[in-house]
Amino acid sequence: MPMSHRIVALCLFACCWQAGWAQNDSLQTVPPSPEPQARTAAPAPYIEDIGSNPFSPAEAAKRSAVLPGWGQVYNKKYWKVPVIYAALGAIAYGIYWNNSYYQYYDNLYKQAILNGNPNQLDLNRTRYLRTFTRRNKELLILVGILTYGLNIADAIVDAHLAGFDFSDDISLRLSPHIEPLPHTHGIWAKGVTFTFRF
């Protein structure tokens, strides 16, 4: 793996790792420190409980960064783990396949150049196939890094939405609406009524 790919992978990993640390709760209150005077302290501000979230997004991000799929297991979304590993496995196989053919065409091209092309190979075609397989391998490495990042992002989003209320009380209804316009003598207004109930 070239040095530039290692640096890009390391930077991406560091950014994804830091994204999990940034998910800490900023609404926590600190109790006032005791004062030596006999003054009464002001009551702490009331923070409404928006909903109970049983999972920590930071913990889900850390787990998914360490081992892909571990954050999904933490969020109890077990069905996503085989999907993640199938995607990563297919990408890994594609990298292996393209790398093996790249090595083959690279050796073939180098031997033809060094030995004066005794087999009368089409050097342009061999050079094209070598470049094609190398490019596909590098693209699959980028897709693998993206898939790894999406695994972490999915774990964070699932942890955030774990306490979200998906009740049946939320609805949106569309209905046609016709009514006479005031002071127009028989002109009717046509439109759509949006009724949002929550």
# chains A, B, ... in the order shown; residues from 1 in each chain; ligands from 1
>>> residues_around(residues="range 101-111 of chain A", least_positions_apart="2", cutoff="8 Å", atoms="only C-alpha atoms", output="tab-separated table (two decimals) with C-alpha atoms, in the first residue's frame")
chain	number	residue	atom	x	y	z
A	97	TRP	CA	-8.66	-9.84	-7.42
A	98	ASN	CA	-7.61	-6.54	-8.97
A	99	ASN	CA	-4.26	-6.61	-7.16
A	113	ILE	CA	10.27	-4.23	-21.85
A	114	LEU	CA	13.41	-5.86	-20.40
A	115	ASN	CA	13.59	-8.79	-22.82
A	117	ASN	CA	9.20	-8.27	-26.29
A	123	LEU	CA	2.44	-3.39	-25.11
A	126	THR	CA	-0.80	-4.71	-21.50
A	127	ARG	CA	-0.04	-1.23	-20.16
A	129	LEU	CA	-4.78	-3.52	-18.43
A	130	ARG	CA	-2.11	-2.85	-15.81
A	131	THR	CA	-3.38	0.71	-15.31
A	133	THR	CA	-6.58	-3.02	-12.60
A	134	ARG	CA	-4.46	-0.67	-10.48
>>> residues_around(residues="Ala189 in chain A", least_positions_apart="4", cutoff="12 Å", atoms="only C-alpha atoms", output="JSON, numbers by chain")
{"A": [176, 177, 178, 179, 180, 181, 182, 184, 185]}
>>> closest_residue(among="A:Ser100, A:Asn75, A:Thr147, A:Ser171", to="Ala61 in chain A", atoms="only C-alpha atoms")
A:Asn75
>>> select_by_dssp(residues="range 78-141 of chain A", states="alpha helix (DSSP H)", output="PyMOL selection string")
chain A and resi 80-114+123-141
>>> write_last_selection(atoms="N, CA and C atoms", output="compact mmCIF listing (two decimals), in the first residue's frame")
# COMPACT_ATOMS: atom_id res chain seq x y z
N LYS A 80 -28.01 -5.71 10.79
CA LYS A 80 -27.09 -4.91 9.97
C LYS A 80 -25.68 -5.49 9.92
N VAL A 81 -25.32 -6.32 10.89
CA VAL A 81 -23.95 -6.85 10.95
C VAL A 81 -23.62 -7.70 9.71
N PRO A 82 -24.47 -8.65 9.29
CA PRO A 82 -24.14 -9.40 8.08
C PRO A 82 -24.06 -8.52 6.83
N VAL A 83 -24.86 -7.46 6.77
CA VAL A 83 -24.82 -6.56 5.62
C VAL A 83 -23.47 -5.84 5.58
N ILE A 84 -23.00 -5.38 6.74
CA ILE A 84 -21.71 -4.69 6.80
C ILE A 84 -20.59 -5.62 6.38
N TYR A 85 -20.58 -6.84 6.92
CA TYR A 85 -19.49 -7.76 6.60
C TYR A 85 -19.58 -8.28 5.18
N ALA A 86 -20.78 -8.40 4.62
CA ALA A 86 -20.89 -8.79 3.21
C ALA A 86 -20.31 -7.69 2.32
N ALA A 87 -20.61 -6.43 2.63
CA ALA A 87 -20.07 -5.33 1.85
C ALA A 87 -18.55 -5.26 1.97
N LEU A 88 -18.05 -5.34 3.20
CA LEU A 88 -16.59 -5.27 3.39
C LEU A 88 -15.89 -6.48 2.77
N GLY A 89 -16.52 -7.66 2.84
CA GLY A 89 -15.94 -8.85 2.24
C GLY A 89 -15.88 -8.76 0.72
N ALA A 90 -16.96 -8.24 0.12
CA ALA A 90 -16.98 -8.08 -1.34
C ALA A 90 -15.92 -7.07 -1.79
N ILE A 91 -15.77 -6.01 -1.03
CA ILE A 91 -14.75 -5.00 -1.35
C ILE A 91 -13.35 -5.59 -1.21
N ALA A 92 -13.13 -6.36 -0.12
CA ALA A 92 -11.82 -6.98 0.09
C ALA A 92 -11.49 -7.96 -1.03
N TYR A 93 -12.48 -8.76 -1.46
CA TYR A 93 -12.25 -9.69 -2.56
C TYR A 93 -11.93 -8.94 -3.85
N GLY A 94 -12.65 -7.83 -4.11
CA GLY A 94 -12.38 -7.03 -5.30
C GLY A 94 -10.98 -6.45 -5.29
N ILE A 95 -10.53 -6.01 -4.11
CA ILE A 95 -9.16 -5.49 -3.99
C ILE A 95 -8.15 -6.60 -4.27
N TYR A 96 -8.39 -7.78 -3.69
CA TYR A 96 -7.48 -8.91 -3.90
C TYR A 96 -7.43 -9.31 -5.38
N TRP A 97 -8.57 -9.42 -6.01
CA TRP A 97 -8.66 -9.84 -7.42
C TRP A 97 -7.95 -8.84 -8.33
N ASN A 98 -8.25 -7.56 -8.13
CA ASN A 98 -7.61 -6.54 -8.97
C ASN A 98 -6.12 -6.46 -8.71
N ASN A 99 -5.68 -6.65 -7.47
CA ASN A 99 -4.26 -6.61 -7.16
C ASN A 99 -3.52 -7.78 -7.81
N SER A 100 -4.13 -8.97 -7.78
CA SER A 100 -3.46 -10.12 -8.39
C SER A 100 -3.31 -9.93 -9.90
N TYR A 101 -4.33 -9.41 -10.57
CA TYR A 101 -4.21 -9.15 -12.00
C TYR A 101 -3.28 -7.98 -12.29
N TYR A 102 -3.25 -7.01 -11.41
CA TYR A 102 -2.30 -5.92 -11.58
C TYR A 102 -0.87 -6.46 -11.52
N GLN A 103 -0.60 -7.32 -10.54
CA GLN A 103 0.74 -7.90 -10.43
C GLN A 103 1.09 -8.70 -11.69
N TYR A 104 0.12 -9.47 -12.21
CA TYR A 104 0.33 -10.27 -13.42
C TYR A 104 0.69 -9.38 -14.61
N TYR A 105 -0.15 -8.35 -14.87
CA TYR A 105 0.09 -7.48 -16.02
C TYR A 105 1.34 -6.63 -15.83
N ASP A 106 1.64 -6.25 -14.61
CA ASP A 106 2.84 -5.47 -14.34
C ASP A 106 4.09 -6.30 -14.65
N ASN A 107 4.11 -7.55 -14.18
CA ASN A 107 5.25 -8.43 -14.47
C ASN A 107 5.37 -8.70 -15.96
N LEU A 108 4.24 -8.94 -16.62
CA LEU A 108 4.24 -9.20 -18.06
C LEU A 108 4.80 -8.00 -18.82
N TYR A 109 4.39 -6.81 -18.43
CA TYR A 109 4.85 -5.59 -19.10
C TYR A 109 6.35 -5.37 -18.86
N LYS A 110 6.79 -5.55 -17.62
CA LYS A 110 8.21 -5.35 -17.30
C LYS A 110 9.09 -6.36 -18.02
N GLN A 111 8.64 -7.63 -18.10
CA GLN A 111 9.42 -8.64 -18.81
C GLN A 111 9.49 -8.33 -20.30
N ALA A 112 8.40 -7.85 -20.86
CA ALA A 112 8.40 -7.52 -22.29
C ALA A 112 9.34 -6.35 -22.57
N ILE A 113 9.38 -5.38 -21.67
CA ILE A 113 10.27 -4.23 -21.85
C ILE A 113 11.73 -4.65 -21.69
N LEU A 114 12.03 -5.46 -20.67
CA LEU A 114 13.41 -5.86 -20.40
C LEU A 114 13.97 -6.83 -21.44
N LEU A 123 2.01 -4.12 -26.30
CA LEU A 123 2.44 -3.39 -25.11
C LEU A 123 1.42 -2.34 -24.68
N ASN A 124 0.76 -1.73 -25.62
CA ASN A 124 -0.25 -0.74 -25.24
C ASN A 124 -1.41 -1.38 -24.50
N ARG A 125 -1.83 -2.56 -24.97
CA ARG A 125 -2.93 -3.27 -24.31
C ARG A 125 -2.50 -3.74 -22.92
N THR A 126 -1.29 -4.25 -22.79
CA THR A 126 -0.80 -4.71 -21.50
C THR A 126 -0.66 -3.54 -20.53
N ARG A 127 -0.16 -2.42 -21.01
CA ARG A 127 -0.04 -1.23 -20.16
C ARG A 127 -1.43 -0.74 -19.73
N TYR A 128 -2.41 -0.77 -20.66
CA TYR A 128 -3.78 -0.36 -20.35
C TYR A 128 -4.38 -1.27 -19.27
N LEU A 129 -4.22 -2.59 -19.43
CA LEU A 129 -4.78 -3.52 -18.43
C LEU A 129 -4.10 -3.37 -17.07
N ARG A 130 -2.82 -3.09 -17.07
CA ARG A 130 -2.11 -2.85 -15.81
C ARG A 130 -2.67 -1.60 -15.12
N THR A 131 -2.85 -0.54 -15.87
CA THR A 131 -3.38 0.71 -15.31
C THR A 131 -4.83 0.54 -14.87
N PHE A 132 -5.61 -0.19 -15.66
CA PHE A 132 -7.02 -0.42 -15.35
C PHE A 132 -7.19 -1.17 -14.04
N THR A 133 -6.44 -2.24 -13.84
CA THR A 133 -6.58 -3.02 -12.60
C THR A 133 -6.03 -2.25 -11.40
N ARG A 134 -4.97 -1.47 -11.59
CA ARG A 134 -4.46 -0.67 -10.48
C ARG A 134 -5.48 0.40 -10.08
N ARG A 135 -6.10 1.05 -11.05
CA ARG A 135 -7.11 2.07 -10.75
C ARG A 135 -8.31 1.46 -10.04
N ASN A 136 -8.77 0.30 -10.49
CA ASN A 136 -9.90 -0.36 -9.83
C ASN A 136 -9.56 -0.74 -8.40
N LYS A 137 -8.33 -1.22 -8.19
CA LYS A 137 -7.90 -1.56 -6.83
C LYS A 137 -7.93 -0.33 -5.93
N GLU A 138 -7.41 0.79 -6.42
CA GLU A 138 -7.37 2.01 -5.62
C GLU A 138 -8.77 2.56 -5.36
N LEU A 139 -9.65 2.46 -6.35
CA LEU A 139 -11.03 2.90 -6.13
C LEU A 139 -11.73 2.02 -5.09
N LEU A 140 -11.48 0.73 -5.13
CA LEU A 140 -12.09 -0.16 -4.14
C LEU A 140 -11.54 0.10 -2.74
N ILE A 141 -10.29 0.51 -2.64
CA ILE A 141 -9.76 0.89 -1.32
C ILE A 141 -10.52 2.11 -0.80
>>> closest_residue(among="A:Gly149, A:Val157, A:Ala162, A:Lys190", to="Ala65 in chain A", atoms="only C-alpha atoms")
A:Gly149
>>> atom_distance(atom1="CA of Leu67 in chain A", atom2="CA of Val143 in chain A")
17.4 Å
>>> atom_distance(atom1="CA of Pro57 in chain A", atom2="CA of Ala155 in chain A")
7.3 Å
>>> closest_residue(among="A:Leu146, A:Gly69, A:Thr195, A:Leu161", to="Arg173 in chain A", atoms="only C-alpha atoms")
A:Thr195
>>> closest_residue(among="A:Gln120, A:Asp158, A:Ala58, A:Phe194", to="Tyr78 in chain A", atoms="only C-alpha atoms")
A:Asp158
>>> atom_distance(atom1="CA of Glu59 in chain A", atom2="CA of Trp79 in chain A")
19.3 Å
